[in-house]
file protein12.tsv (TSV, N, CA and C atoms)
chain	number	residue	atom	x	y	z
A	1	MET	N	-18.47	101.82	-0.86
A	1	MET	CA	-18.10	100.43	-0.85
A	1	MET	C	-19.21	99.57	-1.44
A	2	GLY	N	-20.47	99.91	-1.13
A	2	GLY	CA	-21.60	99.16	-1.65
A	2	GLY	C	-21.71	99.29	-3.16
A	3	THR	N	-21.37	100.51	-3.67
A	3	THR	CA	-21.44	100.74	-5.11
A	3	THR	C	-20.38	99.90	-5.82
A	4	PHE	N	-19.20	99.85	-5.24
A	4	PHE	CA	-18.11	99.05	-5.83
A	4	PHE	C	-18.51	97.56	-5.88
A	5	LEU	N	-19.12	97.08	-4.79
A	5	LEU	CA	-19.56	95.69	-4.73
A	5	LEU	C	-20.64	95.42	-5.78
A	6	LEU	N	-21.55	96.35	-5.96
A	6	LEU	CA	-22.60	96.20	-6.96
A	6	LEU	C	-22.02	96.17	-8.37
A	7	VAL	N	-21.04	97.05	-8.64
A	7	VAL	CA	-20.41	97.08	-9.96
A	7	VAL	C	-19.65	95.78	-10.21
A	8	CYS	N	-19.00	95.23	-9.19
A	8	CYS	CA	-18.27	93.96	-9.34
A	8	CYS	C	-19.23	92.82	-9.65
A	9	ILE	N	-20.35	92.79	-8.97
A	9	ILE	CA	-21.33	91.74	-9.21
A	9	ILE	C	-21.88	91.85	-10.63
A	10	ILE	N	-22.17	93.08	-11.06
A	10	ILE	CA	-22.66	93.27	-12.43
A	10	ILE	C	-21.59	92.86	-13.44
A	11	GLY	N	-20.33	93.14	-13.14
A	11	GLY	CA	-19.24	92.76	-14.04
A	11	GLY	C	-19.10	91.24	-14.13
A	12	VAL	N	-19.21	90.56	-13.00
A	12	VAL	CA	-19.11	89.10	-13.02
A	12	VAL	C	-20.27	88.49	-13.80
A	13	VAL	N	-21.47	89.02	-13.59
A	13	VAL	CA	-22.63	88.52	-14.32
A	13	VAL	C	-22.46	88.79	-15.82
A	14	ALA	N	-21.94	89.99	-16.18
A	14	ALA	CA	-21.72	90.31	-17.59
A	14	ALA	C	-20.70	89.36	-18.21
A	15	CYS	N	-19.62	89.06	-17.46
A	15	CYS	CA	-18.61	88.12	-17.97
A	15	CYS	C	-19.21	86.74	-18.18
A	16	MET	N	-20.08	86.33	-17.26
A	16	MET	CA	-20.73	85.03	-17.41
A	16	MET	C	-21.64	85.00	-18.62
A	17	VAL	N	-22.37	86.08	-18.84
A	17	VAL	CA	-23.26	86.15	-20.00
A	17	VAL	C	-22.46	86.14	-21.29
A	18	VAL	N	-21.40	86.96	-21.33
A	18	VAL	CA	-20.55	87.01	-22.53
A	18	VAL	C	-19.89	85.66	-22.77
A	19	GLY	N	-19.42	85.01	-21.70
A	19	GLY	CA	-18.80	83.69	-21.85
A	19	GLY	C	-19.79	82.65	-22.36
A	20	THR	N	-21.00	82.71	-21.88
A	20	THR	CA	-22.03	81.78	-22.34
A	20	THR	C	-22.35	82.00	-23.81
A	21	VAL	N	-22.45	83.27	-24.22
A	21	VAL	CA	-22.74	83.58	-25.62
A	21	VAL	C	-21.59	83.14	-26.50
A	22	VAL	N	-20.35	83.43	-26.08
A	22	VAL	CA	-19.18	83.02	-26.87
A	22	VAL	C	-19.11	81.50	-26.96
A	23	GLY	N	-19.37	80.82	-25.84
A	23	GLY	CA	-19.36	79.35	-25.85
A	23	GLY	C	-20.41	78.78	-26.78
A	24	ALA	N	-21.59	79.36	-26.76
A	24	ALA	CA	-22.67	78.90	-27.63
A	24	ALA	C	-22.31	79.12	-29.10
A	25	LEU	N	-21.70	80.27	-29.39
A	25	LEU	CA	-21.30	80.55	-30.78
A	25	LEU	C	-20.21	79.59	-31.24
A	26	LEU	N	-19.23	79.31	-30.37
A	26	LEU	CA	-18.17	78.37	-30.74
A	26	LEU	C	-18.73	76.96	-30.93
A	27	HIS	N	-19.66	76.60	-30.06
A	27	HIS	CA	-20.29	75.28	-30.21
A	27	HIS	C	-21.04	75.19	-31.54
A	28	ALA	N	-21.81	76.21	-31.88
A	28	ALA	CA	-22.55	76.22	-33.15
A	28	ALA	C	-21.59	76.19	-34.33
A	29	LEU	N	-20.48	76.96	-34.25
A	29	LEU	CA	-19.49	76.97	-35.32
A	29	LEU	C	-18.87	75.59	-35.50
A	30	PHE	N	-18.49	74.96	-34.41
A	30	PHE	CA	-17.89	73.62	-34.49
A	30	PHE	C	-18.90	72.62	-35.05
A	31	TRP	N	-20.17	72.75	-34.65
A	31	TRP	CA	-21.20	71.84	-35.13
A	31	TRP	C	-21.40	72.01	-36.63
A	32	ILE	N	-21.41	73.25	-37.11
A	32	ILE	CA	-21.62	73.53	-38.54
A	32	ILE	C	-20.41	73.06	-39.36
A	33	VAL	N	-19.20	73.29	-38.84
A	33	VAL	CA	-17.99	72.91	-39.59
A	33	VAL	C	-17.89	71.39	-39.72
A	34	THR	N	-18.23	70.67	-38.67
A	34	THR	CA	-18.08	69.21	-38.72
A	34	THR	C	-19.30	68.49	-39.30
A	35	LEU	N	-20.34	69.21	-39.64
A	35	LEU	CA	-21.56	68.57	-40.15
A	35	LEU	C	-21.33	67.71	-41.39
A	36	PRO	N	-20.61	68.19	-42.42
A	36	PRO	CA	-20.43	67.33	-43.60
A	36	PRO	C	-19.69	66.04	-43.27
A	37	PHE	N	-18.68	66.12	-42.40
A	37	PHE	CA	-17.93	64.92	-42.03
A	37	PHE	C	-18.82	63.93	-41.25
A	38	ARG	N	-19.64	64.47	-40.36
A	38	ARG	CA	-20.54	63.61	-39.59
A	38	ARG	C	-21.55	62.95	-40.50
A	39	ILE	N	-22.08	63.67	-41.46
A	39	ILE	CA	-23.05	63.09	-42.41
A	39	ILE	C	-22.38	61.98	-43.21
A	40	PHE	N	-21.17	62.23	-43.71
A	40	PHE	CA	-20.45	61.24	-44.51
A	40	PHE	C	-20.19	59.97	-43.71
A	41	PHE	N	-19.66	60.12	-42.50
A	41	PHE	CA	-19.31	58.94	-41.72
A	41	PHE	C	-20.55	58.21	-41.21
A	42	LYS	N	-21.62	58.92	-40.93
A	42	LYS	CA	-22.85	58.23	-40.53
A	42	LYS	C	-23.42	57.43	-41.68
A	43	LEU	N	-23.38	57.97	-42.89
A	43	LEU	CA	-23.84	57.20	-44.05
A	43	LEU	C	-22.94	56.00	-44.30
A	44	LEU	N	-21.62	56.23	-44.26
A	44	LEU	CA	-20.66	55.17	-44.53
A	44	LEU	C	-20.82	54.03	-43.53
A	45	PHE	N	-20.75	54.34	-42.25
A	45	PHE	CA	-20.81	53.28	-41.25
A	45	PHE	C	-22.23	52.76	-41.07
A	46	GLY	N	-23.24	53.56	-41.33
A	46	GLY	CA	-24.61	53.07	-41.25
A	46	GLY	C	-24.90	52.04	-42.32
A	47	LEU	N	-24.54	52.35	-43.57
A	47	LEU	CA	-24.75	51.39	-44.65
A	47	LEU	C	-23.82	50.20	-44.51
A	48	GLY	N	-22.60	50.44	-44.08
A	48	GLY	CA	-21.67	49.32	-43.84
A	48	GLY	C	-22.18	48.41	-42.74
A	49	GLY	N	-22.71	49.00	-41.67
A	49	GLY	CA	-23.27	48.19	-40.58
A	49	GLY	C	-24.49	47.42	-41.03
A	50	LEU	N	-25.31	48.04	-41.87
A	50	LEU	CA	-26.49	47.36	-42.40
A	50	LEU	C	-26.07	46.15	-43.24
A	51	LEU	N	-25.09	46.34	-44.12
A	51	LEU	CA	-24.60	45.24	-44.95
A	51	LEU	C	-23.99	44.15	-44.09
A	52	PHE	N	-23.20	44.56	-43.11
A	52	PHE	CA	-22.57	43.61	-42.20
A	52	PHE	C	-23.63	42.82	-41.43
A	53	GLY	N	-24.68	43.49	-40.98
A	53	GLY	CA	-25.76	42.83	-40.26
A	53	GLY	C	-26.53	41.86	-41.13
A	54	VAL	N	-26.77	42.24	-42.37
A	54	VAL	CA	-27.51	41.36	-43.29
A	54	VAL	C	-26.70	40.11	-43.59
A	55	ILE	N	-25.39	40.26	-43.70
A	55	ILE	CA	-24.53	39.11	-43.99
A	55	ILE	C	-24.44	38.18	-42.77
A	56	LEU	N	-24.31	38.76	-41.57
A	56	LEU	CA	-24.09	37.94	-40.38
A	56	LEU	C	-25.37	37.46	-39.70
A	57	ALA	N	-26.52	37.99	-40.07
A	57	ALA	CA	-27.77	37.63	-39.40
A	57	ALA	C	-28.07	36.12	-39.45
A	58	PRO	N	-27.89	35.43	-40.58
A	58	PRO	CA	-28.17	33.98	-40.58
A	58	PRO	C	-27.27	33.20	-39.63
A	59	PHE	N	-26.00	33.59	-39.56
A	59	PHE	CA	-25.08	32.88	-38.66
A	59	PHE	C	-25.45	33.12	-37.20
A	60	VAL	N	-25.83	34.33	-36.90
A	60	VAL	CA	-26.24	34.65	-35.53
A	60	VAL	C	-27.51	33.89	-35.18
A	61	ALA	N	-28.42	33.76	-36.13
A	61	ALA	CA	-29.66	33.02	-35.88
A	61	ALA	C	-29.38	31.54	-35.62
A	62	VAL	N	-28.47	30.95	-36.39
A	62	VAL	CA	-28.12	29.54	-36.18
A	62	VAL	C	-27.48	29.34	-34.81
A	63	VAL	N	-26.58	30.23	-34.44
A	63	VAL	CA	-25.94	30.13	-33.12
A	63	VAL	C	-26.98	30.31	-32.01
A	64	ALA	N	-27.94	31.19	-32.21
A	64	ALA	CA	-28.98	31.40	-31.20
A	64	ALA	C	-29.85	30.15	-31.06
A	65	VAL	N	-30.19	29.51	-32.17
A	65	VAL	CA	-31.01	28.29	-32.10
A	65	VAL	C	-30.24	27.17	-31.40
A	66	ILE	N	-28.95	27.04	-31.72
A	66	ILE	CA	-28.14	26.02	-31.05
A	66	ILE	C	-28.06	26.31	-29.56
A	67	GLY	N	-27.91	27.56	-29.21
A	67	GLY	CA	-27.87	27.93	-27.80
A	67	GLY	C	-29.18	27.62	-27.10
A	68	LEU	N	-30.31	27.86	-27.76
A	68	LEU	CA	-31.60	27.54	-27.16
A	68	LEU	C	-31.78	26.03	-26.97
A	69	VAL	N	-31.33	25.25	-27.95
A	69	VAL	CA	-31.45	23.80	-27.83
A	69	VAL	C	-30.60	23.29	-26.66
A	70	VAL	N	-29.38	23.80	-26.56
A	70	VAL	CA	-28.50	23.39	-25.46
A	70	VAL	C	-29.10	23.82	-24.12
A	71	ALA	N	-29.69	24.99	-24.07
A	71	ALA	CA	-30.32	25.46	-22.82
A	71	ALA	C	-31.50	24.58	-22.45
A	72	MET	N	-32.30	24.18	-23.43
A	72	MET	CA	-33.43	23.29	-23.15
A	72	MET	C	-32.96	21.92	-22.66
A	73	LEU	N	-31.91	21.39	-23.28
A	73	LEU	CA	-31.37	20.11	-22.82
A	73	LEU	C	-30.83	20.23	-21.40
A	74	GLY	N	-30.17	21.32	-21.11
A	74	GLY	CA	-29.67	21.54	-19.75
A	74	GLY	C	-30.80	21.65	-18.74
A	75	ALA	N	-31.87	22.33	-19.13
A	75	ALA	CA	-33.02	22.45	-18.23
A	75	ALA	C	-33.65	21.08	-17.99
A	76	LEU	N	-33.81	20.29	-19.04
A	76	LEU	CA	-34.38	18.95	-18.89
A	76	LEU	C	-33.50	18.07	-18.02
A	77	LEU	N	-32.19	18.15	-18.24
A	77	LEU	CA	-31.26	17.36	-17.43
A	77	LEU	C	-31.29	17.79	-15.97
A	78	SER	N	-31.41	19.07	-15.73
A	78	SER	CA	-31.45	19.55	-14.34
A	78	SER	C	-32.75	19.12	-13.65
A	79	LEU	N	-33.82	18.93	-14.41
A	79	LEU	CA	-35.06	18.44	-13.82
A	79	LEU	C	-35.02	16.93	-13.56
A	80	LEU	N	-34.31	16.19	-14.40
A	80	LEU	CA	-34.27	14.73	-14.26
A	80	LEU	C	-33.16	14.24	-13.34
A	81	THR	N	-32.18	15.05	-13.05
A	81	THR	CA	-31.05	14.63	-12.23
A	81	THR	C	-31.47	14.18	-10.83
A	82	PRO	N	-32.41	14.83	-10.16
A	82	PRO	CA	-32.80	14.34	-8.84
A	82	PRO	C	-33.45	12.95	-8.86
A	83	LEU	N	-33.92	12.49	-10.00
A	83	LEU	CA	-34.52	11.17	-10.10
A	83	LEU	C	-33.49	10.06	-10.32
A	84	LEU	N	-32.23	10.41	-10.46
A	84	LEU	CA	-31.18	9.43	-10.74
A	84	LEU	C	-31.06	8.37	-9.65
A	85	PRO	N	-31.12	8.68	-8.35
A	85	PRO	CA	-31.06	7.61	-7.35
A	85	PRO	C	-32.21	6.61	-7.47
A	86	LEU	N	-33.41	7.08	-7.79
A	86	LEU	CA	-34.53	6.17	-7.97
A	86	LEU	C	-34.32	5.28	-9.19
A	87	LEU	N	-33.76	5.84	-10.24
A	87	LEU	CA	-33.47	5.05	-11.43
A	87	LEU	C	-32.44	3.96	-11.12
A	88	LEU	N	-31.40	4.31	-10.38
A	88	LEU	CA	-30.39	3.32	-10.02
A	88	LEU	C	-30.98	2.23	-9.12
A	89	LEU	N	-31.84	2.62	-8.20
A	89	LEU	CA	-32.50	1.64	-7.33
A	89	LEU	C	-33.38	0.70	-8.15
A	90	GLY	N	-34.10	1.22	-9.10
A	90	GLY	CA	-34.92	0.38	-9.97
A	90	GLY	C	-34.08	-0.57	-10.80
A	91	LEU	N	-32.95	-0.08	-11.34
A	91	LEU	CA	-32.06	-0.95	-12.12
A	91	LEU	C	-31.47	-2.05	-11.25
A	92	PHE	N	-31.14	-1.72	-10.01
A	92	PHE	CA	-30.61	-2.72	-9.09
A	92	PHE	C	-31.67	-3.80	-8.81
A	93	GLY	N	-32.90	-3.39	-8.56
A	93	GLY	CA	-33.98	-4.35	-8.33
A	93	GLY	C	-34.23	-5.21	-9.55
A	94	TRP	N	-34.21	-4.65	-10.72
A	94	TRP	CA	-34.41	-5.40	-11.95
A	94	TRP	C	-33.30	-6.43	-12.13
A	95	THR	N	-32.05	-6.02	-11.80
A	95	THR	CA	-30.92	-6.93	-11.93
A	95	THR	C	-31.07	-8.10	-10.97
A	96	VAL	N	-31.43	-7.80	-9.73
A	96	VAL	CA	-31.63	-8.87	-8.75
A	96	VAL	C	-32.75	-9.81	-9.22
A	97	PHE	N	-33.81	-9.26	-9.75
A	97	PHE	CA	-34.92	-10.08	-10.25
A	97	PHE	C	-34.44	-10.97	-11.39
A	98	ARG	N	-33.67	-10.40	-12.31
A	98	ARG	CA	-33.20	-11.19	-13.46
A	98	ARG	C	-32.26	-12.31	-13.03
A	99	VAL	N	-31.39	-12.02	-12.06
A	99	VAL	CA	-30.45	-13.05	-11.61
A	99	VAL	C	-31.19	-14.13	-10.83
A	100	GLY	N	-32.16	-13.74	-10.04
A	100	GLY	CA	-32.85	-14.70	-9.18
A	100	GLY	C	-33.89	-15.52	-9.89
A	101	SER	N	-34.35	-15.13	-11.01
A	101	SER	CA	-35.42	-15.87	-11.69
A	101	SER	C	-34.91	-16.45	-13.00
A	102	LYS	N	-33.87	-17.28	-12.89
A	102	LYS	CA	-33.39	-17.92	-14.11
A	102	LYS	C	-34.38	-18.99	-14.54
A	103	LYS	N	-34.52	-19.15	-15.79
A	103	LYS	CA	-35.40	-20.18	-16.32
A	103	LYS	C	-34.74	-21.54	-16.05
A	104	PRO	N	-35.52	-22.49	-15.67
A	104	PRO	CA	-34.90	-23.81	-15.42
A	104	PRO	C	-34.36	-24.39	-16.72
A	105	SER	N	-33.24	-25.05	-16.56
A	105	SER	CA	-32.65	-25.66	-17.75
A	105	SER	C	-33.38	-26.96	-18.05
A	106	ALA	N	-33.17	-27.48	-19.20
A	106	ALA	CA	-33.83	-28.73	-19.60
A	106	ALA	C	-33.35	-29.85	-18.68
A	107	PRO	N	-34.23	-30.75	-18.35
A	107	PRO	CA	-33.78	-31.86	-17.48
A	107	PRO	C	-32.73	-32.69	-18.19
A	108	PRO	N	-31.86	-33.28	-17.41
A	108	PRO	CA	-30.83	-34.10	-18.06
A	108	PRO	C	-31.49	-35.30	-18.77
A	109	PRO	N	-30.84	-35.75	-19.81
A	109	PRO	CA	-31.43	-36.89	-20.54
A	109	PRO	C	-31.53	-38.12	-19.60
A	110	SER	N	-32.58	-38.85	-19.78
A	110	SER	CA	-32.77	-40.02	-18.94
A	110	SER	C	-31.72	-41.09	-19.26
A	111	GLN	N	-31.33	-41.82	-18.21
A	111	GLN	CA	-30.33	-42.88	-18.39
A	111	GLN	C	-30.99	-44.09	-19.08
A	112	PRO	N	-30.30	-44.63	-19.97
A	112	PRO	CA	-30.89	-45.81	-20.60
A	112	PRO	C	-31.06	-46.95	-19.57
A	113	GLY	N	-32.07	-47.71	-19.75
A	113	GLY	CA	-32.33	-48.83	-18.83
A	113	GLY	C	-31.20	-49.86	-18.90
A	114	PHE	N	-31.26	-50.78	-17.95
A	114	PHE	CA	-30.20	-51.78	-17.89
A	114	PHE	C	-30.20	-52.67	-19.12
A	115	TRP	N	-31.37	-53.08	-19.62
A	115	TRP	CA	-31.46	-54.01	-20.74
A	115	TRP	C	-31.73	-53.31	-22.06
A	116	SER	N	-31.68	-52.01	-22.12
A	116	SER	CA	-32.01	-51.43	-23.41
A	116	SER	C	-30.81	-51.18	-24.25

call {"tool": "encode", "arguments": {"input": "protein12.tsv", "output": "structure tokens"}}
result
Amino acid sequence: MGTFLLVCIIGVVACMVVGTVVGALLHALFWIVTLPFRIFFKLLFGLGGLLFGVILAPFVAVVAVIGLVVAMLGALLSLLTPLLPLLLLGLFGWTVFRVGSKKPSAPPPSQPGFWS
């Protein structure tokens, strides 16, 4: 019984080795057969992507600069927003000052005397 078990284990190991070798050979065969197609498509799409990138790079740069400017304005606005109540309070005080300190108007013309 022990001999049979040993032969079975050796058979399973042999099948695994043969399967690994066959798999490796099939993988190598598939890799070799598809190599020309892979080279062609890598050149085609690589050069096409390069051309596409060279054409679109200026537009992407302009959009990036616009995005940075908008982000900076948003950051500045977010820093100044908490000061808005103080600004409104100052404007209210200025308005009250302007209304309360009107320049005096010219005195009314003097009435002519009785005999003039």

call {"tool": "atom_distance", "arguments": {"input": "protein12.tsv", "atom1": "atom C of Leu77 of chain A", "atom2": "atom CA of Val63 of chain A"}}
result
21.8 Å

call {"tool": "axis_aligned_box", "arguments": {"input": "protein12.tsv", "around": "segment 37-52 of chain A", "padding_each_side": "8 Å", "output": "AutoDock Vina command-line options"}}
result
--center_x -22.2 --center_y 54.5 --center_z -42.3 --size_x 24.6 --size_y 39.3 --size_z 21.4

call {"tool": "atom_distance", "arguments": {"input": "protein12.tsv", "atom1": "atom CA of Val96 of chain A", "atom2": "atom CA of Ser78 of chain A"}}
result
29.0 Å

call {"tool": "atom_distance", "arguments": {"input": "protein12.tsv", "atom1": "atom C of Ala14 of chain A", "atom2": "atom C of Trp31 of chain A"}}
result
25.3 Å

call {"tool": "select_by_dssp", "arguments": {"input": "protein12.tsv", "residues": "chain A", "states": "alpha helix (DSSP H)", "output": "count of residues only"}}
result
96

call {"tool": "decode", "arguments": {"input": "protein12.tsv", "residues": "segment 2-112 of chain A", "atoms": "C-alpha atoms", "output": "CSV table (one decimal), in the first residue's frame"}}
result
chain,number,residue,atom,x,y,z
A,2,GLY,CA,2.9,2.4,0.8
A,3,THR,CA,4.5,1.7,-2.6
A,4,PHE,CA,1.2,2.4,-4.4
A,5,LEU,CA,0.9,5.7,-2.5
A,6,LEU,CA,4.5,6.6,-3.3
A,7,VAL,CA,3.9,5.9,-7.0
A,8,CYS,CA,0.8,8.0,-7.0
A,9,ILE,CA,2.6,10.9,-5.4
A,10,ILE,CA,5.4,10.6,-8.0
A,11,GLY,CA,2.8,10.5,-10.8
A,12,VAL,CA,1.0,13.6,-9.5
A,13,VAL,CA,4.3,15.5,-9.2
A,14,ALA,CA,5.3,14.3,-12.8
A,15,CYS,CA,1.9,15.5,-14.1
A,16,MET,CA,2.5,18.9,-12.5
A,17,VAL,CA,6.0,19.2,-13.9
A,18,VAL,CA,4.8,18.2,-17.4
A,19,GLY,CA,1.9,20.6,-17.1
A,20,THR,CA,4.2,23.4,-16.1
A,21,VAL,CA,6.5,22.7,-19.0
A,22,VAL,CA,3.7,22.5,-21.5
A,23,GLY,CA,2.2,25.7,-20.1
A,24,ALA,CA,5.5,27.5,-20.4
A,25,LEU,CA,6.0,26.3,-24.0
A,26,LEU,CA,2.5,27.4,-24.9
A,27,HIS,CA,3.0,30.8,-23.3
A,28,ALA,CA,6.3,31.2,-25.2
A,29,LEU,CA,4.7,30.1,-28.5
A,30,PHE,CA,1.8,32.6,-28.0
A,31,TRP,CA,4.3,35.4,-27.1
A,32,ILE,CA,6.4,34.7,-30.2
A,33,VAL,CA,3.4,34.5,-32.5
A,34,THR,CA,1.9,37.7,-31.3
A,35,LEU,CA,5.2,39.7,-31.2
A,36,PRO,CA,4.9,41.3,-34.6
A,37,PHE,CA,1.4,42.4,-34.0
A,38,ARG,CA,2.3,43.9,-30.6
A,39,ILE,CA,5.3,45.7,-32.1
A,40,PHE,CA,3.1,47.2,-34.8
A,41,PHE,CA,0.3,48.3,-32.5
A,42,LYS,CA,2.8,49.7,-29.9
A,43,LEU,CA,4.5,51.8,-32.6
A,44,LEU,CA,1.1,52.9,-34.1
A,45,PHE,CA,-0.5,53.9,-30.9
A,46,GLY,CA,2.7,55.2,-29.4
A,47,LEU,CA,3.4,57.6,-32.2
A,48,GLY,CA,-0.3,58.4,-32.5
A,49,GLY,CA,-0.4,59.2,-28.8
A,50,LEU,CA,2.7,61.3,-29.1
A,51,LEU,CA,1.2,63.3,-31.9
A,52,PHE,CA,-2.1,63.6,-30.1
A,53,GLY,CA,-0.3,64.8,-27.0
A,54,VAL,CA,1.8,67.4,-28.9
A,55,ILE,CA,-1.4,68.8,-30.5
A,56,LEU,CA,-3.4,68.9,-27.2
A,57,ALA,CA,-0.6,70.0,-24.8
A,58,PRO,CA,-1.2,73.8,-25.4
A,59,PHE,CA,-4.9,73.5,-24.8
A,60,VAL,CA,-4.4,71.5,-21.6
A,61,ALA,CA,-1.8,74.1,-20.4
A,62,VAL,CA,-4.3,76.9,-21.0
A,63,VAL,CA,-7.0,75.0,-19.1
A,64,ALA,CA,-4.6,74.3,-16.3
A,65,VAL,CA,-3.6,78.0,-16.0
A,66,ILE,CA,-7.3,79.0,-15.9
A,67,GLY,CA,-8.0,76.4,-13.2
A,68,LEU,CA,-5.1,77.7,-11.1
A,69,VAL,CA,-6.3,81.3,-11.4
A,70,VAL,CA,-9.8,80.3,-10.4
A,71,ALA,CA,-8.4,78.3,-7.5
A,72,MET,CA,-6.4,81.3,-6.3
A,73,LEU,CA,-9.4,83.5,-6.5
A,74,GLY,CA,-11.4,81.0,-4.5
A,75,ALA,CA,-8.7,80.8,-1.9
A,76,LEU,CA,-8.5,84.6,-1.6
A,77,LEU,CA,-12.3,84.8,-1.4
A,78,SER,CA,-12.4,82.1,1.3
A,79,LEU,CA,-9.9,84.1,3.3
A,80,LEU,CA,-11.7,87.4,3.0
A,81,THR,CA,-15.2,86.1,3.6
A,82,PRO,CA,-15.0,86.1,7.4
A,83,LEU,CA,-14.2,89.8,7.2
A,84,LEU,CA,-17.5,90.6,5.5
A,85,PRO,CA,-19.4,91.5,8.7
A,86,LEU,CA,-16.7,94.0,9.7
A,87,LEU,CA,-16.8,95.5,6.2
A,88,LEU,CA,-20.6,95.9,6.5
A,89,LEU,CA,-20.3,97.5,9.9
A,90,GLY,CA,-17.7,99.9,8.6
A,91,LEU,CA,-19.9,100.9,5.7
A,92,PHE,CA,-22.8,101.4,8.0
A,93,GLY,CA,-20.7,103.7,10.2
A,94,TRP,CA,-19.5,105.6,7.2
A,95,THR,CA,-23.1,106.0,6.0
A,96,VAL,CA,-24.2,107.3,9.4
A,97,PHE,CA,-21.3,109.7,9.4
A,98,ARG,CA,-22.1,111.0,5.9
A,99,VAL,CA,-25.8,111.5,6.7
A,100,GLY,CA,-25.1,113.2,10.0
A,101,SER,CA,-22.4,115.6,8.9
A,102,LYS,CA,-24.1,117.5,6.1
A,103,LYS,CA,-22.4,120.7,5.1
A,104,PRO,CA,-24.4,123.7,6.1
A,105,SER,CA,-26.2,125.3,3.3
A,106,ALA,CA,-25.7,128.9,2.4
A,107,PRO,CA,-27.5,131.3,4.6
A,108,PRO,CA,-30.7,132.7,3.1
A,109,PRO,CA,-30.3,136.0,1.4
A,110,SER,CA,-30.8,138.9,3.7
A,111,GLN,CA,-34.1,140.8,3.5
A,112,PRO,CA,-33.9,144.2,2.0
